[in-house]
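In what follows, a structure is listed as structure tokens, so that the remarks can point back to it.
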Amino acid sequence: MNKVYNNRAWLLVLPMLVLVAFSAVVPLMTVVNYSVQDVLGANARFFTGTEWFETMLNDPALQAAFVRQISFSLIILAIQIPLGIGIALIMPKQGWQASAVLILITLPLLIPWNVVGSIWQIFTRGDIGLMGWGLRQLGIEYNITRNPGDAWVTIILMDVWHWTPLVAMLCYSGLRSIPEAYYQAARIDRASKWAVFRYIQLPKLTNVLVIAVLLRFMHSFMIYAEPFVLTGGGPGSSTTFLSQSLTTMAVGQQDLGPSAAFSIIYFLVILLVSWVFYTAIMNMQKDKHSQGGA
Amino acid sequence: MSYQLENTQQGEKYNTIFSRTTPAQRRKRNARTRLRSRLLLGVYLLLMILPIYWLLNMSLQTNSEILGSMTMWPENLTFDNYIGIFTDSSWYMGYVNSIAYVLMNMLITICVALPAAYAFSRYSFIGDKHLFFWLLTNLMAPPAVFLLPYFQLYYSVGLFDTHIAVALAHCLFNIPLAIWILEGFMSSVPKEIDETAYIDGYSFPRFFVKIFIPMIRSGIGVTLFFLFMFSWVELLLARTLTATEAQPIGMIMTRTSTASGIDWGTLAAAGVLTILPGILVVYFVRNHIAKGFALGRT
């Protein structure tokens, strides 16, 4: 769409800008401020330069948490995006069934995050939880507090359970917006089911998929409450993700300088990866539009 | 009767010209794929519902039964856990607090996001692209990063432990999300509609409220669902900014774990109750979600 050039549009953006600046810029400045200082007391502060950044970047525990975090996010995306699209494709299209499935499918999204952790903590317990008990009946050794592998599988399973509905819901509403005429045309051309998906449904889903992929990436990268409640980061530190290391450092140990430096590195990484995703997808779309078809 | 029969037969003959399969075959094949997808969906829903069933199951049991042995359904059905929550004001006020700040946040967010999204979808202005990406970066800011500065900021302006503090804090990620989704919806409304309205003598505010907002109703429905969802489930910021007066229900639930163990029954009952407001919201916006990003056929 051709947009009109008009700087008065700033007036429409202004209220939003003031609010977001209050809740984002002011705190961010404080974080930057801390990251270059050593805070000893209310009025005793020393400028330390980039010392904290160097310490943080060289900390092996944090490097390990970082690798763990990246692998977690990638696994999550690889499972949830295809699964979500698949579910959206087989959801009923109208009538009471569509409403019922939609309400059922959104249930996990509506549970506060620490409660999600509690639910899975009970659910996977060998003595009183359905899943733990079921696995034991099948003769599978399963213990998330002792076995790092089990803890990982459980956290991934929990995240898939928790967040696939979001992808499915976005894709479902994207699919609903495809005009019937496209399908009719495909039927006349005797297009196969796969062709319909590849050349009609998938391109029309790009918009919502951008939102889904970016949201899922960001949230999985910031995951905190669920693994904290479920495993407490254990066994050992096998499920300690970045957010948890940060919170322990900032709130638990009150290390303001290092944790602020860590925050900024963390933030920049998310920013960089999201920016790469975003521009890549946007360029893909632009290419398609310039070729005259979508 | 005979005329109708002839007509359908003709119709079927007509269809076969374009396809090698006979209509009967095609119907059978469609029915089979339909059945298969229903089965798959059924299996998924069943697996998905299991943890929630387990929560419901526990909420209707006494603690001794929960910890005693493995039972698939409550053998001594009890509502004590729910009664306990509804008769203790320190418990049910948690729900009131959560609902209060979520509603405030939805109202503030939608009021500032609508005009901003309109500006992004209709006009280009100095720095618009940078501003849009900057907005997205707020969505990426890990709440853990902002915990301490938030505490200090809200404490120094005297908003600590109020509902509005949490509502404002949640604007950090809700406003960008709302603008992002709304902008997509608004861009699909043809610009000719705006122009026609101006020619007809509508002023901008009247056009916006009377014509434009009804056109993107479904978009607003979807957006409101997301605003509700993310504000309702977020706890890290809500916990940091509240102490007693405005504590969210998620925090009050942590009270169930004491030195003598966890009160699983009450925890489960409280968990079940946190899902209910969400179900109401989904129920109201379900048709909008199903219509979703479908524009032009509202």
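Chains: A, B, ... in order of the structure tokens. Residues: from 1 per chain. Ligands: from 1, in order shown.
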Using only C-alpha atoms, determine which residues lie at most 9 Å from range 212-215 of chain B, disregarding the query and same-chain residues fewer than 2 positions distant; provide the list as a list in words.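 After dropping sequence-adjacent residues, the list is Leu114, Met186, Val189, Ile193, Asp194, Phe207, Phe208, Val209, Lys210, Arg217, Ser218, Gly219, Ile220, Leu295, Gly296 and Thr298 of chain B.
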When DSSP works through the backbone of this structure, what residues of range 9-216 of chain A end up as strand (DSSP E or B), shown as a short mmCIF file (atom, residue, chain, number, x, y, z; two decimals) with all heavy atoms, in the first residue's frame?
```cif
data_model
loop_
_atom_site.label_atom_id
_atom_site.label_comp_id
_atom_site.auth_asym_id
_atom_site.auth_seq_id
_atom_site.Cartn_x
_atom_site.Cartn_y
_atom_site.Cartn_z
N GLN A 37 29.21 0.54 36.59
CA GLN A 37 29.58 1.05 37.91
C GLN A 37 29.70 -0.07 38.92
O GLN A 37 29.12 -1.14 38.75
CB GLN A 37 28.50 2.03 38.41
CG GLN A 37 28.55 3.36 37.69
CD GLN A 37 27.47 4.27 38.19
OE1 GLN A 37 26.42 3.83 38.64
NE2 GLN A 37 27.72 5.56 38.12
N ASP A 38 30.45 0.20 39.96
CA ASP A 38 30.48 -0.72 41.08
C ASP A 38 29.69 -0.06 42.20
O ASP A 38 30.10 0.97 42.73
CB ASP A 38 31.94 -0.96 41.51
CG ASP A 38 32.04 -2.19 42.39
OD1 ASP A 38 30.97 -2.76 42.70
OD2 ASP A 38 33.15 -2.56 42.74
N VAL A 39 28.55 -0.64 42.55
CA VAL A 39 27.69 -0.01 43.54
C VAL A 39 27.96 -0.64 44.89
O VAL A 39 27.70 -1.83 45.11
CB VAL A 39 26.21 -0.19 43.17
CG1 VAL A 39 25.33 0.58 44.15
CG2 VAL A 39 25.96 0.30 41.76
N ARG A 45 29.66 4.89 44.64
CA ARG A 45 29.69 4.23 43.35
C ARG A 45 30.98 4.56 42.64
O ARG A 45 31.49 5.66 42.75
CB ARG A 45 28.53 4.72 42.47
CG ARG A 45 27.19 4.40 43.04
CD ARG A 45 26.11 4.99 42.20
NE ARG A 45 24.84 4.47 42.67
CZ ARG A 45 23.72 4.51 41.96
NH1 ARG A 45 23.73 5.04 40.76
NH2 ARG A 45 22.62 4.02 42.45
N PHE A 46 31.51 3.58 41.94
CA PHE A 46 32.74 3.82 41.20
C PHE A 46 32.54 3.43 39.75
O PHE A 46 31.88 2.43 39.46
CB PHE A 46 33.90 3.02 41.80
CG PHE A 46 34.14 3.34 43.23
CD1 PHE A 46 33.64 2.53 44.24
CD2 PHE A 46 34.84 4.49 43.57
CE1 PHE A 46 33.83 2.85 45.56
CE2 PHE A 46 35.05 4.81 44.90
CZ PHE A 46 34.55 3.99 45.90
N PHE A 47 33.13 4.22 38.90
CA PHE A 47 33.05 3.90 37.48
C PHE A 47 34.03 2.78 37.17
O PHE A 47 35.18 2.83 37.54
CB PHE A 47 33.38 5.14 36.65
CG PHE A 47 33.22 4.92 35.18
CD1 PHE A 47 31.97 4.81 34.61
CD2 PHE A 47 34.34 4.80 34.38
CE1 PHE A 47 31.83 4.60 33.25
CE2 PHE A 47 34.22 4.58 33.02
CZ PHE A 47 32.95 4.48 32.45
#
```
Have a look at CA of Gln97 in chain A and CA of Ala212 in chain A and let me know their distance in Å, one decimal.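 Here the two named atoms are 24.3 Å from each other.
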Could you please write out, as an MDAnalysis selection string, every residue of range 30-267 of chain A that DSSP assigns to alpha helix (DSSP H)? chainID A and resid 30:35 51:57 60:90 95:106 113:123 130:137 148:176 180:188 193:196 202:221 225:230 242:247 256:267
Near Arg286 in chain B, within 9 Å and counting only C-alpha atoms, which residues show up once chain neighbours fewer than 4 positions away are dropped, as an NGL selection string? (:A and (98-99 or 102-103)) or (:B and (221-222 or 281-282 or 290-291))
Which value, in Å to one decimal, gives the distance between CA of Leu268 in chain A and CA of Phe66 in chain A? 13.1 Å
Using only C-alpha atoms, determine which residues lie at most 9 Å from Ile264 in chain A, disregarding the query and same-chain residues fewer than 5 positions distant; provide the list as an mmCIF file with C-alpha atoms, in the first residue's frame.
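After the write, selection-v4.cif holds the following:
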```cif
data_model
loop_
_atom_site.group_PDB
_atom_site.id
_atom_site.type_symbol
_atom_site.label_atom_id
_atom_site.label_comp_id
_atom_site.auth_asym_id
_atom_site.auth_seq_id
_atom_site.Cartn_x
_atom_site.Cartn_y
_atom_site.Cartn_z
ATOM 1 C CA LEU A 28 16.927 0.564 30.510
ATOM 2 C CA VAL A 31 20.516 -0.882 33.736
ATOM 3 C CA VAL A 32 23.125 0.733 31.494
ATOM 4 C CA SER A 35 26.568 -2.009 34.136
ATOM 5 C CA PHE A 53 31.189 -7.093 30.567
ATOM 6 C CA SER A 259 23.926 -8.675 36.457
ATOM 7 C CA VAL A 269 21.692 -11.326 21.666
ATOM 8 C CA VAL B 145 16.452 -7.486 32.970
#
```
CA of Val272 in chain B and CA of Phe228 in chain A, how far apart in Å?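 A separation of 20.7 Å between them.
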Which residues are close to range 223-237 of chain B, i.e. within 7 Å by only C-alpha atoms, leaving aside same-chain residues fewer than 6 positions away? Reply as an mmCIF file with C-alpha atoms, in the first residue's frame.
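The result, stored in around06.cif:
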```
data_model
loop_
_atom_site.group_PDB
_atom_site.id
_atom_site.type_symbol
_atom_site.label_atom_id
_atom_site.label_comp_id
_atom_site.auth_asym_id
_atom_site.auth_seq_id
_atom_site.Cartn_x
_atom_site.Cartn_y
_atom_site.Cartn_z
ATOM 1 C CA LEU A 110 -4.345 -19.158 30.132
ATOM 2 C CA ILE A 111 -2.539 -20.664 33.103
ATOM 3 C CA PRO A 112 -0.046 -18.433 34.961
ATOM 4 C CA TRP A 113 3.473 -19.579 34.198
ATOM 5 C CA SER B 98 -5.220 -9.912 38.979
ATOM 6 C CA VAL B 102 -5.378 -6.996 33.621
ATOM 7 C CA MET B 106 -6.217 -3.884 28.356
ATOM 8 C CA PRO B 143 11.502 -9.140 32.227
ATOM 9 C CA LEU B 147 13.193 -6.229 37.657
ATOM 10 C CA HIS B 170 2.729 -4.807 31.438
ATOM 11 C CA ASN B 174 1.524 -5.512 25.493
ATOM 12 C CA ALA B 178 -1.079 -4.832 20.116
ATOM 13 C CA ILE B 181 -1.237 -7.222 15.355
ATOM 14 C CA GLY B 250 -0.147 -16.539 41.066
ATOM 15 C CA VAL B 281 -12.565 -14.333 27.434
ATOM 16 C CA VAL B 282 -11.996 -17.014 24.777
#
```
Distance query Ala119 in chain B at most 9 Å, only C-alpha atoms, self and fewer than 4 positions along chain excluded, as a list in words: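 Returned residues: Ala9, Trp10, Leu11, Leu12 and Val13 of chain A; Leu114, Pro115, Tyr123, Ser124, Phe125 and Glu183 of chain B.
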Print the selection's residues with N, CA, C and O atoms to a file, as a short mmCIF file (atom, residue, chain, number, x, y, z; two decimals), in the first residue's frame.
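After the write, selection_9.cif holds the following:
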```
data_model
loop_
_atom_site.label_atom_id
_atom_site.label_comp_id
_atom_site.auth_asym_id
_atom_site.auth_seq_id
_atom_site.Cartn_x
_atom_site.Cartn_y
_atom_site.Cartn_z
N ALA A 9 1.43 12.49 11.62
CA ALA A 9 1.13 11.16 12.17
C ALA A 9 1.82 10.94 13.50
O ALA A 9 1.40 10.11 14.30
N TRP A 10 2.88 11.71 13.74
CA TRP A 10 3.56 11.62 15.03
C TRP A 10 2.62 11.86 16.20
O TRP A 10 2.78 11.29 17.27
N LEU A 11 1.61 12.72 15.95
CA LEU A 11 0.65 13.02 17.02
C LEU A 11 -0.10 11.76 17.44
O LEU A 11 -0.43 11.59 18.60
N LEU A 12 -0.37 10.88 16.46
CA LEU A 12 -1.10 9.65 16.78
C LEU A 12 -0.23 8.66 17.55
O LEU A 12 -0.71 7.83 18.30
N VAL A 13 1.08 8.75 17.30
CA VAL A 13 2.00 7.80 17.92
C VAL A 13 2.42 8.27 19.31
O VAL A 13 2.85 7.48 20.15
N LEU B 114 -4.46 1.78 19.24
CA LEU B 114 -5.29 1.98 18.05
C LEU B 114 -4.80 3.15 17.19
O LEU B 114 -4.52 2.96 16.00
N PRO B 115 -4.66 4.37 17.76
CA PRO B 115 -4.17 5.46 16.91
C PRO B 115 -2.76 5.21 16.38
O PRO B 115 -2.47 5.51 15.21
N TYR B 123 0.40 6.16 7.24
CA TYR B 123 1.30 7.27 6.92
C TYR B 123 2.75 6.82 6.98
O TYR B 123 3.09 5.88 7.70
N SER B 124 3.58 7.52 6.22
CA SER B 124 5.01 7.38 6.48
C SER B 124 5.46 8.71 7.06
O SER B 124 5.02 9.76 6.63
N PHE B 125 6.31 8.64 8.06
CA PHE B 125 6.79 9.86 8.70
C PHE B 125 8.23 9.64 9.14
O PHE B 125 8.73 8.51 9.10
N GLU B 183 -1.77 -3.37 13.36
CA GLU B 183 -1.26 -2.79 12.12
C GLU B 183 -1.54 -3.71 10.94
O GLU B 183 -1.95 -3.27 9.87
#
```
Considering only C-alpha atoms, can you say which of B:Ser257, B:Ala238, B:Val166, B:Phe185 comes closest to Val229 in chain A?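 Nearest candidate to Val229 in chain A out of B:Ser257, B:Ala238, B:Val166, B:Phe185: B:Ser257.
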Of the listed residues A:Ala88, A:Val20, A:Ala65, A:Ile81, that which approaches Gln244 in chain A most closely, counting only C-alpha atoms: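 Checking each candidate against Gln244 in chain A, we get A:Ala65 as the closest.
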Pick from B:Leu177, B:Ile49, B:Ala243, B:Leu41 nearest to Leu159 in chain B, counting only C-alpha atoms: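 Closest to Leu159 in chain B of all the choices is B:Ala243.
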Can you pull out every residue within 12 Å of range 143-156 of chain A, counting only C-alpha atoms, but drop anything in the same chain fewer than 4 positions away, and send it as a PyMOL selection string? chain A and resi 68-69+71-80+116-117+120-127+129+131-133+135-136+160-164+220+223-241
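Comparing B:Gly127, B:Pro74, B:Gly271, B:Gly84 by their smallest distance to chain A, the closest is B:Gly271 (using only C-alpha atoms).
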Smallest atom-to-atom distance to chain B: which of A:Val25, A:Leu17, A:Ala61, A:Ile90, using only C-alpha atoms?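 Between A:Val25, A:Leu17, A:Ala61, A:Ile90, the residue approaching chain B most closely is A:Ile90.
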